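K.L.:
What follows is protein.pdb, PDB, C-alpha atoms and all ligand atoms.
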```pdb
MODEL        1
ATOM      1  CA  MET T   1      34.685 -89.439   6.864  1.00  0.00           C
ATOM      2  CA  SER T   2      31.194 -89.607   5.511  1.00  0.00           C
ATOM      3  CA  SER T   3      28.835 -86.800   6.382  1.00  0.00           C
ATOM      4  CA  ASP T   4      25.722 -88.620   5.222  1.00  0.00           C
ATOM      5  CA  LEU T   5      24.485 -90.044   8.535  1.00  0.00           C
ATOM      6  CA  VAL T   6      20.766 -89.715   8.008  1.00  0.00           C
ATOM      7  CA  GLY T   7      19.425 -91.523   4.998  1.00  0.00           C
ATOM      8  CA  ALA T   8      16.701 -90.170   2.772  1.00  0.00           C
ATOM      9  CA  ARG T   9      13.573 -92.242   3.005  1.00  0.00           C
ATOM     10  CA  VAL T  10      12.595 -93.830  -0.299  1.00  0.00           C
ATOM     11  CA  ALA T  11       8.825 -93.634  -0.723  1.00  0.00           C
ATOM     12  CA  LEU T  12       7.746 -97.276  -1.107  1.00  0.00           C
ATOM     13  CA  ALA T  13       4.181 -98.402  -0.448  1.00  0.00           C
ATOM     14  CA  ASP T  14       4.310-101.578   1.694  1.00  0.00           C
ATOM     15  CA  GLY T  15       8.078-101.358   1.984  1.00  0.00           C
ATOM     16  CA  ASP T  16      10.939 -99.491   3.603  1.00  0.00           C
ATOM     17  CA  ALA T  17      14.212 -98.200   2.213  1.00  0.00           C
ATOM     18  CA  LEU T  18      16.748 -95.531   3.083  1.00  0.00           C
ATOM     19  CA  LEU T  19      19.320 -94.031   0.739  1.00  0.00           C
ATOM     20  CA  PHE T  20      22.583 -92.519   2.008  1.00  0.00           C
ATOM     21  CA  GLU T  21      23.883 -90.633  -1.037  1.00  0.00           C
ATOM     22  CA  GLU T  22      27.400 -90.174   0.288  1.00  0.00           C
ATOM     23  CA  PHE T  23      27.914 -92.951   2.802  1.00  0.00           C
ATOM     24  CA  LEU T  24      31.589 -93.041   1.794  1.00  0.00           C
ATOM     25  CA  ALA T  25      33.479 -89.872   0.944  1.00  0.00           C
ATOM     26  CA  PRO T  26      34.671 -89.908  -2.696  1.00  0.00           C
ATOM     27  CA  GLY T  27      38.337 -90.588  -1.819  1.00  0.00           C
ATOM     28  CA  GLU T  28      37.431 -93.540   0.411  1.00  0.00           C
ATOM     29  CA  ALA T  29      35.073 -94.885  -2.205  1.00  0.00           C
ATOM     30  CA  ASP T  30      37.893 -94.696  -4.816  1.00  0.00           C
ATOM     31  CA  THR T  31      40.250 -96.661  -2.565  1.00  0.00           C
ATOM     32  CA  CYS T  32      37.659 -99.363  -1.810  1.00  0.00           C
ATOM     33  CA  PHE T  33      36.714 -99.670  -5.473  1.00  0.00           C
ATOM     34  CA  GLU T  34      40.333-100.180  -6.614  1.00  0.00           C
ATOM     35  CA  ARG T  35      41.046-102.698  -3.865  1.00  0.00           C
ATOM     36  CA  LEU T  36      37.917-104.732  -4.547  1.00  0.00           C
ATOM     37  CA  LEU T  37      38.469-104.698  -8.301  1.00  0.00           C
ATOM     38  CA  SER T  38      41.943-106.186  -7.883  1.00  0.00           C
ATOM     39  CA  ASP T  39      41.609-108.381  -4.752  1.00  0.00           C
ATOM     40  CA  VAL T  40      38.186-110.036  -5.006  1.00  0.00           C
ATOM     41  CA  ASP T  41      38.009-113.535  -6.446  1.00  0.00           C
ATOM     42  CA  TRP T  42      35.579-112.545  -9.213  1.00  0.00           C
ATOM     43  CA  GLU T  43      33.782-115.527 -10.726  1.00  0.00           C
ATOM     44  CA  GLN T  44      31.386-116.052 -13.582  1.00  0.00           C
ATOM     45  CA  HIS T  45      28.389-117.711 -11.920  1.00  0.00           C
ATOM     46  CA  LEU T  46      26.037-119.973 -13.855  1.00  0.00           C
ATOM     47  CA  ILE T  47      22.364-119.881 -12.874  1.00  0.00           C
ATOM     48  CA  ARG T  48      19.708-122.400 -13.778  1.00  0.00           C
ATOM     49  CA  ILE T  49      16.833-121.106 -15.909  1.00  0.00           C
ATOM     50  CA  PHE T  50      14.301-123.585 -17.324  1.00  0.00           C
ATOM     51  CA  GLY T  51      16.770-126.389 -16.681  1.00  0.00           C
ATOM     52  CA  ARG T  52      19.624-124.730 -18.577  1.00  0.00           C
ATOM     53  CA  ARG T  53      22.785-123.319 -17.065  1.00  0.00           C
ATOM     54  CA  ILE T  54      23.207-119.700 -18.169  1.00  0.00           C
ATOM     55  CA  PRO T  55      26.167-117.415 -17.353  1.00  0.00           C
ATOM     56  CA  THR T  56      25.029-114.336 -15.409  1.00  0.00           C
ATOM     57  CA  PRO T  57      25.651-110.978 -17.169  1.00  0.00           C
ATOM     58  CA  ARG T  58      28.115-109.861 -14.455  1.00  0.00           C
ATOM     59  CA  LEU T  59      30.890-111.318 -12.276  1.00  0.00           C
ATOM     60  CA  SER T  60      30.161-112.213  -8.647  1.00  0.00           C
ATOM     61  CA  ALA T  61      31.659-113.434  -5.387  1.00  0.00           C
ATOM     62  CA  TRP T  62      30.150-114.572  -2.080  1.00  0.00           C
ATOM     63  CA  TYR T  63      32.067-113.651   1.103  1.00  0.00           C
ATOM     64  CA  GLY T  64      31.093-114.344   4.689  1.00  0.00           C
ATOM     65  CA  ASP T  65      31.472-116.112   8.005  1.00  0.00           C
ATOM     66  CA  PRO T  66      32.120-119.863   7.807  1.00  0.00           C
ATOM     67  CA  GLY T  67      28.810-121.672   7.285  1.00  0.00           C
ATOM     68  CA  ALA T  68      26.991-118.677   5.775  1.00  0.00           C
ATOM     69  CA  ARG T  69      25.886-120.713   2.783  1.00  0.00           C
ATOM     70  CA  TYR T  70      23.532-119.088   0.270  1.00  0.00           C
ATOM     71  CA  CYS T  71      21.337-120.695  -2.377  1.00  0.00           C
ATOM     72  CA  TYR T  72      19.740-118.888  -5.312  1.00  0.00           C
ATOM     73  CA  SER T  73      18.671-119.819  -8.839  1.00  0.00           C
ATOM     74  CA  GLY T  74      19.984-123.354  -8.427  1.00  0.00           C
ATOM     75  CA  LEU T  75      23.356-122.159  -7.112  1.00  0.00           C
ATOM     76  CA  VAL T  76      24.835-123.092  -3.750  1.00  0.00           C
ATOM     77  CA  LEU T  77      27.470-120.586  -2.672  1.00  0.00           C
ATOM     78  CA  GLU T  78      30.000-121.396   0.059  1.00  0.00           C
ATOM     79  CA  PRO T  79      31.473-118.213   1.502  1.00  0.00           C
ATOM     80  CA  ILE T  80      35.019-117.084   0.806  1.00  0.00           C
ATOM     81  CA  PRO T  81      36.589-115.809   4.086  1.00  0.00           C
ATOM     82  CA  TRP T  82      36.257-112.022   4.507  1.00  0.00           C
ATOM     83  CA  LEU T  83      38.855-109.750   2.917  1.00  0.00           C
ATOM     84  CA  PRO T  84      39.841-106.953   5.325  1.00  0.00           C
ATOM     85  CA  VAL T  85      38.350-104.279   3.054  1.00  0.00           C
ATOM     86  CA  ILE T  86      34.964-106.037   2.930  1.00  0.00           C
ATOM     87  CA  ARG T  87      34.923-106.718   6.665  1.00  0.00           C
ATOM     88  CA  GLU T  88      35.748-103.059   7.361  1.00  0.00           C
ATOM     89  CA  LEU T  89      32.889-101.911   5.144  1.00  0.00           C
ATOM     90  CA  LYS T  90      30.544-104.337   6.906  1.00  0.00           C
ATOM     91  CA  GLU T  91      31.560-103.033  10.343  1.00  0.00           C
ATOM     92  CA  ARG T  92      31.256 -99.471   9.176  1.00  0.00           C
ATOM     93  CA  ILE T  93      27.694-100.095   7.978  1.00  0.00           C
ATOM     94  CA  GLU T  94      26.808-101.957  11.190  1.00  0.00           C
ATOM     95  CA  SER T  95      28.202 -99.168  13.362  1.00  0.00           C
ATOM     96  CA  ARG T  96      26.051 -96.660  11.489  1.00  0.00           C
ATOM     97  CA  SER T  97      22.947 -98.732  12.160  1.00  0.00           C
ATOM     98  CA  GLU T  98      22.023 -96.515  15.073  1.00  0.00           C
ATOM     99  CA  PRO T  99      21.212 -93.386  13.074  1.00  0.00           C
ATOM    100  CA  PHE T 100      19.329 -95.208  10.317  1.00  0.00           C
ATOM    101  CA  GLY T 101      15.962 -93.535  10.106  1.00  0.00           C
ATOM    102  CA  VAL T 102      16.582 -90.988  12.857  1.00  0.00           C
ATOM    103  CA  GLY T 103      13.886 -88.357  12.704  1.00  0.00           C
ATOM    104  CA  ASP T 104      11.584 -90.690  10.855  1.00  0.00           C
ATOM    105  CA  PRO T 105       8.420 -91.442  12.870  1.00  0.00           C
ATOM    106  CA  ASN T 106       7.749 -94.493  10.714  1.00  0.00           C
ATOM    107  CA  ARG T 107      11.144 -95.992  11.190  1.00  0.00           C
ATOM    108  CA  SER T 108      11.201 -99.684  11.727  1.00  0.00           C
ATOM    109  CA  ALA T 109      13.284-101.209  14.502  1.00  0.00           C
ATOM    110  CA  ASP T 110      14.594-103.837  12.122  1.00  0.00           C
ATOM    111  CA  ALA T 111      16.635-101.240  10.254  1.00  0.00           C
ATOM    112  CA  HIS T 112      19.224-102.098  12.925  1.00  0.00           C
ATOM    113  CA  CYS T 113      21.182-105.066  11.753  1.00  0.00           C
ATOM    114  CA  THR T 114      24.380-107.014  11.691  1.00  0.00           C
ATOM    115  CA  TYR T 115      25.459-109.048   8.692  1.00  0.00           C
ATOM    116  CA  ASN T 116      27.365-112.321   8.244  1.00  0.00           C
ATOM    117  CA  SER T 117      27.821-112.357   4.477  1.00  0.00           C
ATOM    118  CA  ALA T 118      27.986-110.262   1.341  1.00  0.00           C
ATOM    119  CA  LEU T 119      27.230-110.871  -2.310  1.00  0.00           C
ATOM    120  CA  LEU T 120      29.552-108.847  -4.515  1.00  0.00           C
ATOM    121  CA  ASN T 121      28.715-108.073  -8.119  1.00  0.00           C
ATOM    122  CA  LEU T 122      30.972-106.557 -10.744  1.00  0.00           C
ATOM    123  CA  TYR T 123      29.152-104.965 -13.692  1.00  0.00           C
ATOM    124  CA  ARG T 124      31.992-104.569 -16.186  1.00  0.00           C
ATOM    125  CA  ASN T 125      30.080-101.956 -18.218  1.00  0.00           C
ATOM    126  CA  GLY T 126      26.496-101.052 -19.120  1.00  0.00           C
ATOM    127  CA  SER T 127      25.968-104.392 -20.886  1.00  0.00           C
ATOM    128  CA  ASP T 128      26.143-106.146 -17.517  1.00  0.00           C
ATOM    129  CA  SER T 129      22.938-106.172 -15.488  1.00  0.00           C
ATOM    130  CA  MET T 130      20.715-107.918 -12.966  1.00  0.00           C
ATOM    131  CA  GLY T 131      17.163-109.002 -13.785  1.00  0.00           C
ATOM    132  CA  TRP T 132      13.992-108.549 -11.720  1.00  0.00           C
ATOM    133  CA  HIS T 133      14.042-110.423  -8.419  1.00  0.00           C
ATOM    134  CA  SER T 134      13.510-110.097  -4.682  1.00  0.00           C
ATOM    135  CA  ASP T 135      16.089-111.072  -2.100  1.00  0.00           C
ATOM    136  CA  ASP T 136      13.601-113.416  -0.470  1.00  0.00           C
ATOM    137  CA  GLU T 137      15.444-116.714  -0.133  1.00  0.00           C
ATOM    138  CA  PRO T 138      14.258-118.569   2.988  1.00  0.00           C
ATOM    139  CA  GLU T 139      17.654-118.394   4.704  1.00  0.00           C
ATOM    140  CA  LEU T 140      17.380-114.566   4.744  1.00  0.00           C
ATOM    141  CA  GLY T 141      14.355-114.817   7.063  1.00  0.00           C
ATOM    142  CA  ASP T 142      11.041-113.023   7.033  1.00  0.00           C
ATOM    143  CA  ARG T 143      11.867-109.331   6.727  1.00  0.00           C
ATOM    144  CA  PRO T 144      15.495-109.218   5.627  1.00  0.00           C
ATOM    145  CA  VAL T 145      17.617-106.108   5.896  1.00  0.00           C
ATOM    146  CA  ILE T 146      19.785-105.767   2.789  1.00  0.00           C
ATOM    147  CA  ALA T 147      22.549-103.157   2.877  1.00  0.00           C
ATOM    148  CA  SER T 148      23.649-102.348  -0.654  1.00  0.00           C
ATOM    149  CA  LEU T 149      26.826-100.332  -1.177  1.00  0.00           C
ATOM    150  CA  SER T 150      27.646 -98.996  -4.646  1.00  0.00           C
ATOM    151  CA  LEU T 151      31.094 -98.113  -6.014  1.00  0.00           C
ATOM    152  CA  GLY T 152      32.245 -96.988  -9.441  1.00  0.00           C
ATOM    153  CA  ALA T 153      29.974 -96.104 -12.326  1.00  0.00           C
ATOM    154  CA  GLU T 154      26.603 -94.597 -11.463  1.00  0.00           C
ATOM    155  CA  ARG T 155      23.703 -96.871 -12.448  1.00  0.00           C
ATOM    156  CA  ARG T 156      19.900 -96.750 -12.348  1.00  0.00           C
ATOM    157  CA  PHE T 157      18.270 -99.136  -9.879  1.00  0.00           C
ATOM    158  CA  ARG T 158      14.598 -99.934 -10.403  1.00  0.00           C
ATOM    159  CA  LEU T 159      11.907-101.196  -8.050  1.00  0.00           C
ATOM    160  CA  LYS T 160       8.405-102.372  -8.909  1.00  0.00           C
ATOM    161  CA  HIS T 161       5.587-103.563  -6.688  1.00  0.00           C
ATOM    162  CA  ARG T 162       4.939-107.283  -7.005  1.00  0.00           C
ATOM    163  CA  SER T 163       1.143-107.167  -7.040  1.00  0.00           C
ATOM    164  CA  ARG T 164      -0.312-103.628  -7.026  1.00  0.00           C
ATOM    165  CA  ALA T 165      -0.884-102.022 -10.422  1.00  0.00           C
ATOM    166  CA  ASP T 166      -1.859 -98.731  -8.714  1.00  0.00           C
ATOM    167  CA  VAL T 167       1.633 -98.264  -7.251  1.00  0.00           C
ATOM    168  CA  ASP T 168       4.155 -96.525  -9.511  1.00  0.00           C
ATOM    169  CA  PRO T 169       7.546 -98.088 -10.066  1.00  0.00           C
ATOM    170  CA  VAL T 170      10.522 -96.331  -8.460  1.00  0.00           C
ATOM    171  CA  ALA T 171      13.897 -95.523 -10.038  1.00  0.00           C
ATOM    172  CA  LEU T 172      16.944 -94.519  -7.976  1.00  0.00           C
ATOM    173  CA  THR T 173      20.383 -93.445  -9.086  1.00  0.00           C
ATOM    174  CA  LEU T 174      23.017 -95.351  -7.138  1.00  0.00           C
ATOM    175  CA  SER T 175      26.156 -93.256  -7.115  1.00  0.00           C
ATOM    176  CA  HIS T 176      29.785 -93.934  -6.126  1.00  0.00           C
ATOM    177  CA  GLY T 177      29.883 -94.384  -2.327  1.00  0.00           C
ATOM    178  CA  SER T 178      26.106 -94.534  -1.814  1.00  0.00           C
ATOM    179  CA  LEU T 179      24.367 -96.966   0.539  1.00  0.00           C
ATOM    180  CA  LEU T 180      20.815 -98.228   0.050  1.00  0.00           C
ATOM    181  CA  ILE T 181      19.206-100.091   2.948  1.00  0.00           C
ATOM    182  CA  MET T 182      16.117-102.112   2.055  1.00  0.00           C
ATOM    183  CA  TYR T 183      14.217-103.473   5.047  1.00  0.00           C
ATOM    184  CA  GLY T 184      10.729-104.159   6.438  1.00  0.00           C
ATOM    185  CA  ASP T 185       8.467-105.793   3.847  1.00  0.00           C
ATOM    186  CA  THR T 186      10.388-104.545   0.803  1.00  0.00           C
ATOM    187  CA  GLN T 187      11.532-108.005  -0.313  1.00  0.00           C
ATOM    188  CA  LYS T 188       8.053-109.429   0.220  1.00  0.00           C
ATOM    189  CA  ASN T 189       6.237-106.723  -1.758  1.00  0.00           C
ATOM    190  CA  TRP T 190       8.749-105.367  -4.270  1.00  0.00           C
ATOM    191  CA  LYS T 191      11.110-106.621  -6.935  1.00  0.00           C
ATOM    192  CA  HIS T 192      14.266-104.805  -7.957  1.00  0.00           C
ATOM    193  CA  ALA T 193      16.586-104.833 -10.966  1.00  0.00           C
ATOM    194  CA  LEU T 194      19.676-103.196 -12.378  1.00  0.00           C
ATOM    195  CA  PRO T 195      18.935-102.783 -16.096  1.00  0.00           C
ATOM    196  CA  LYS T 196      21.451-102.571 -18.896  1.00  0.00           C
ATOM    197  CA  SER T 197      22.459 -99.080 -19.969  1.00  0.00           C
ATOM    198  CA  SER T 198      24.120 -98.389 -23.311  1.00  0.00           C
ATOM    199  CA  ARG T 199      25.568 -95.105 -21.986  1.00  0.00           C
ATOM    200  CA  VAL T 200      27.650 -96.697 -19.210  1.00  0.00           C
ATOM    201  CA  GLU T 201      31.182 -97.684 -20.208  1.00  0.00           C
ATOM    202  CA  LYS T 202      32.865 -97.916 -16.825  1.00  0.00           C
ATOM    203  CA  PRO T 203      32.646-100.727 -14.251  1.00  0.00           C
ATOM    204  CA  ARG T 204      30.526-100.708 -11.103  1.00  0.00           C
ATOM    205  CA  ILE T 205      30.887-102.840  -7.978  1.00  0.00           C
ATOM    206  CA  ASN T 206      27.931-103.510  -5.698  1.00  0.00           C
ATOM    207  CA  LEU T 207      28.101-105.213  -2.296  1.00  0.00           C
ATOM    208  CA  THR T 208      24.897-106.447  -0.669  1.00  0.00           C
ATOM    209  CA  PHE T 209      25.454-107.307   2.983  1.00  0.00           C
ATOM    210  CA  ARG T 210      23.044-109.915   4.289  1.00  0.00           C
ATOM    211  CA  LEU T 211      22.294-111.988   7.373  1.00  0.00           C
ATOM    212  CA  VAL T 212      21.986-115.668   6.461  1.00  0.00           C
ATOM    213  CA  ARG T 213      20.365-117.737   9.189  1.00  0.00           C
TER     214      ARG T 213
HETATM  215  O1  LIG Z 301      23.712-104.124  -8.147  1.00  0.00           O
HETATM  216  C1  LIG Z 301      22.744-103.770  -7.493  1.00  0.00           C
HETATM  217  O2  LIG Z 301      22.567-102.606  -7.146  1.00  0.00           O
HETATM  218  C2  LIG Z 301      21.696-104.788  -7.082  1.00  0.00           C
HETATM  219  C3  LIG Z 301      22.263-106.105  -6.681  1.00  0.00           C
HETATM  220  C4  LIG Z 301      21.219-107.038  -6.184  1.00  0.00           C
HETATM  221  O3  LIG Z 301      20.044-106.818  -6.291  1.00  0.00           O
HETATM  222  C5  LIG Z 301      21.622-108.285  -5.520  1.00  0.00           C
HETATM  223  O4  LIG Z 301      22.820-108.559  -5.393  1.00  0.00           O
HETATM  224  O5  LIG Z 301      20.723-109.039  -5.089  1.00  0.00           O
HETATM  225 MN    MN Z 302      18.822-108.150  -4.990  1.00  0.00          MN
ENDMDL
END
```
Turn the structure described in the file into structure tokens.

P.N.:
Amino acid sequence: MSSDLVGARVALADGDALLFEEFLAPGEADTCFERLLSDVDWEQHLIRIFGRRIPTPRLSAWYGDPGARYCYSGLVLEPIPWLPVIRELKERIESRSEPFGVGDPNRSADAHCTYNSALLNLYRNGSDSMGWHSDDEPELGDRPVIASLSLGAERRFRLKHRSRADVDPVALTLSHGSLLIMYGDTQKNWKHALPKSSRVEKPRINLTFRLVR
């Protein structure tokens, strides 16, 4: 069982995030990683940039409740029905919603959340990446809560403020079994990215649980 019940607050001006370094114990994280690597229907998505269809530098899959359709970068994703391992992770994260931010006087009530979908990404090695963006599609609502679980190779995750030059960018290390919850105004005010890293040879899987309305 995980011991990391109280997340560390990530200092973000005009935003809120909590990082649970060891949300899953290493053995559990290993089991989930292996199962997802072999059982997920990994696809090469094509996104539209300046009218051209470009393959994303990673493999992806969209799982969720029936009807939880998601649109981004010219893509319309219909959900694949939940795999047991993904549903269990979702329920585990939801059941831990209660302690999110305990002891934090600034905690926002919307850190409590349930999810109906998950975007999975497989970064095969350090050449795979995700560019700067916010998870701010209209169907995610005004102040979305995004629960991001990391498995496999450790990677750097970067955040930068969308408009304020006086606010320093933030870099986090997302380790095997860690959970990052972004909530409040984070998607409105910040962008995030997972840059390439020439040092990383091993694969990483990331699951972002979302509530599509
Ligand atoms: O892989 C990550 O940690 C980030 C993924 C992400 O930003 C997304 O799926 O929207
Ligand atoms: Mn994102």

K.L.:
Return the single residue from T:Arg156, T:Arg199, T:Lys188, T:Arg213 that is closest to ligand LIG 301 (chain Z), with distances computed using only C-alpha atoms and all ligand atoms.

P.N.:
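Closest to ligand LIG 301 (chain Z) of all the choices is T:Arg156.
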
K.L.:
Show me, as a tab-separated table, the residues of chain T having an atom within 8 Å of ligand LIG 301 (chain Z), each with the closest atom pair and its distance in Å, using only C-alpha atoms and all ligand atoms.

P.N.:
```
residue	atom	partner	partner_atom	distance
T:Leu119	CA	Z:LIG301	O4	5.9
T:Leu120	CA	Z:LIG301	O4	6.8
T:Asn121	CA	Z:LIG301	O1	6.4
T:Tyr123	CA	Z:LIG301	O1	7.8
T:Ser129	CA	Z:LIG301	O1	7.7
T:Met130	CA	Z:LIG301	C3	6.7
T:His133	CA	Z:LIG301	O3	7.3
T:Ser134	CA	Z:LIG301	O5	7.3
T:Asp135	CA	Z:LIG301	O5	5.9
T:Ser148	CA	Z:LIG301	O2	6.6
T:Leu149	CA	Z:LIG301	O2	7.7
T:Ser150	CA	Z:LIG301	O2	6.7
T:Arg155	CA	Z:LIG301	O2	7.9
T:Phe157	CA	Z:LIG301	O2	6.2
T:Leu174	CA	Z:LIG301	O2	7.3
T:His192	CA	Z:LIG301	O3	6.3
T:Ala193	CA	Z:LIG301	O3	6.1
T:Leu194	CA	Z:LIG301	C1	5.8
T:Ile205	CA	Z:LIG301	O1	7.3
T:Asn206	CA	Z:LIG301	O1	4.9
T:Leu207	CA	Z:LIG301	O4	7.0
T:Thr208	CA	Z:LIG301	O4	5.6
```

K.L.:
How would the residues just chosen look if you wrote them out with C-alpha atoms as a PDB file, in the frame of the given file?

P.N.:
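File produced: again_27.pdb:
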```
ATOM      1  CA  LEU T 119      27.230-110.871  -2.310  1.00  0.00           C
ATOM      2  CA  LEU T 120      29.552-108.847  -4.515  1.00  0.00           C
ATOM      3  CA  ASN T 121      28.715-108.073  -8.119  1.00  0.00           C
ATOM      4  CA  TYR T 123      29.152-104.965 -13.692  1.00  0.00           C
ATOM      5  CA  SER T 129      22.938-106.172 -15.488  1.00  0.00           C
ATOM      6  CA  MET T 130      20.715-107.918 -12.966  1.00  0.00           C
ATOM      7  CA  HIS T 133      14.042-110.423  -8.419  1.00  0.00           C
ATOM      8  CA  SER T 134      13.510-110.097  -4.682  1.00  0.00           C
ATOM      9  CA  ASP T 135      16.089-111.072  -2.100  1.00  0.00           C
ATOM     10  CA  SER T 148      23.649-102.348  -0.654  1.00  0.00           C
ATOM     11  CA  LEU T 149      26.826-100.332  -1.177  1.00  0.00           C
ATOM     12  CA  SER T 150      27.646 -98.996  -4.646  1.00  0.00           C
ATOM     13  CA  ARG T 155      23.703 -96.871 -12.448  1.00  0.00           C
ATOM     14  CA  PHE T 157      18.270 -99.136  -9.879  1.00  0.00           C
ATOM     15  CA  LEU T 174      23.017 -95.351  -7.138  1.00  0.00           C
ATOM     16  CA  HIS T 192      14.266-104.805  -7.957  1.00  0.00           C
ATOM     17  CA  ALA T 193      16.586-104.833 -10.966  1.00  0.00           C
ATOM     18  CA  LEU T 194      19.676-103.196 -12.378  1.00  0.00           C
ATOM     19  CA  ILE T 205      30.887-102.840  -7.978  1.00  0.00           C
ATOM     20  CA  ASN T 206      27.931-103.510  -5.698  1.00  0.00           C
ATOM     21  CA  LEU T 207      28.101-105.213  -2.296  1.00  0.00           C
ATOM     22  CA  THR T 208      24.897-106.447  -0.669  1.00  0.00           C
TER      23      THR T 208
END
```

K.L.:
From the set T:Val200, T:Leu172, T:Leu140, T:Leu151, which residue has the shortest atom-to-atom contact distance to Gly27 in chain T, counting only C-alpha atoms?

P.N.:
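Of T:Val200, T:Leu172, T:Leu140, T:Leu151, the one nearest Gly27 in chain T is T:Leu151, counting only C-alpha atoms.
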
K.L.:
Determine the residue membership of the PyMOL selection byres (((chain T and resi 14-26) around 10) and not hetatm) for the file above and supply it as a PyMOL selection string.

P.N.:
chain T and resi 1-13+27-32+89+92-93+96+100-101+106-108+111+145-151+161+167+172-190

K.L.:
Counting all atoms listed in the file, what is within 12 Å of Ile54 in chain T, bar same-chain residues fewer than 2 positions away, as a list of chain:residue names?

P.N.:
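Near neighbours after the sequence-gap exclusion: T:Gln44, T:His45, T:Leu46, T:Ile47, T:Arg48, T:Ile49, T:Phe50, T:Gly51, T:Arg52, T:Thr56, T:Pro57, T:Arg58, T:Ser73, T:Gly74, T:Leu75.
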
K.L.:
Using the chain letters and numbering of this document, enumerate as a list in words the residues selected by the PyMOL selection byres (((chain T and resi 153) around 6) and not hetatm).

P.N.:
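Selection result, ordered by chain and number: Gly152, Glu154, Lys202, Pro203 and Arg204 of chain T.
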
K.L.:
Quick one: of T:Arg158, T:Arg87, T:Lys196, T:Arg164, who's nearest to ligand MN 302 (chain Z), counting all atoms listed in the file?

P.N.:
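Ranking T:Arg158, T:Arg87, T:Lys196, T:Arg164 by distance to ligand MN 302 (chain Z), first place goes to T:Arg158.
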
K.L.:
Please return the centre and edge lengths, in Å to one decimal, of a box with edges along x, y and z that contains all listed atoms of range 77-96 of chain T, widened by 5 Å on every side, as AutoDock Vina command-line options.

P.N.:
```
--center_x 32.9 --center_y -109.0 --center_z 5.3 --size_x 23.8 --size_y 34.7 --size_z 26.0
```

K.L.:
Give the answer as one residue: which of T:Asp166, T:Glu94, T:Glu201, T:Glu137 has the shortest atom-to-atom distance to ligand MN 302 (chain Z), using all atoms listed in the file?

P.N.:
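Ranked by minimum distance to ligand MN 302 (chain Z), first place goes to T:Glu137.
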
K.L.:
Here is a test: counting all atoms listed in the file, which residue of T:Arg143, T:Phe209, T:Ser95, T:Leu122 is nearest to ligand MN 302 (chain Z)?

P.N.:
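Under the stated criterion, the closest residue is T:Phe209.
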
K.L.:
Go ahead and compute the interatomic distance for CA of Gly131 in chain T and CA of Val76 in chain T, in Å to one decimal.

P.N.:
18.9 Å

K.L.:
Determine the residue membership of the PyMOL selection byres (((chain T and resi 211) around 7) and not hetatm) for the file above and supply it as a PyMOL selection string.

P.N.:
chain T and resi 114-117+140+210+212-213

K.L.:
Would you write out those residues with C-alpha atoms, as an mmCIF file, keeping the file's coordinate frame?

P.N.:
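Just written: part00.cif:
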```cif
data_model
loop_
_atom_site.group_PDB
_atom_site.id
_atom_site.type_symbol
_atom_site.label_atom_id
_atom_site.label_comp_id
_atom_site.auth_asym_id
_atom_site.auth_seq_id
_atom_site.Cartn_x
_atom_site.Cartn_y
_atom_site.Cartn_z
ATOM 1 C CA THR T 114 24.380 -107.014 11.691
ATOM 2 C CA TYR T 115 25.459 -109.048 8.692
ATOM 3 C CA ASN T 116 27.365 -112.321 8.244
ATOM 4 C CA SER T 117 27.821 -112.357 4.477
ATOM 5 C CA LEU T 140 17.380 -114.566 4.744
ATOM 6 C CA ARG T 210 23.044 -109.915 4.289
ATOM 7 C CA VAL T 212 21.986 -115.668 6.461
ATOM 8 C CA ARG T 213 20.365 -117.737 9.189
#
```

K.L.:
Env of Trp42 in chain T: 6 Å cut, atoms = only C-alpha atoms, seq-sep filter 4 positions within chain, self excluded. Answer as a PDB file with C-alpha atoms, in the coordinates of the input.

P.N.:
```
ATOM      1  CA  LEU T  59      30.890-111.318 -12.276  1.00  0.00           C
ATOM      2  CA  SER T  60      30.161-112.213  -8.647  1.00  0.00           C
ATOM      3  CA  ALA T  61      31.659-113.434  -5.387  1.00  0.00           C
TER       4      ALA T  61
END
```

K.L.:
Let me make sure I understand: among T:Arg69, T:Glu88, T:Glu34, T:Ala118, which one has the smallest atom-to-atom distance to ligand MN 302 (chain Z) if we use all atoms listed in the file?

P.N.:
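Answer, going by the shortest atom-to-atom distance: T:Ala118.
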
K.L.:
So what do you get for CA of Phe33 in chain T versus CA of Glu139 in chain T, distance-wise?

P.N.:
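Computed distance, CA of Phe33 in chain T to CA of Glu139 in chain T, equals 28.6 Å.
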
K.L.:
What is the distance between CA of Ile86 in chain T and CA of Pro144 in chain T, in Å to one decimal?

P.N.:
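Going from CA of Ile86 in chain T over to CA of Pro144 in chain T, I get 19.9 Å.
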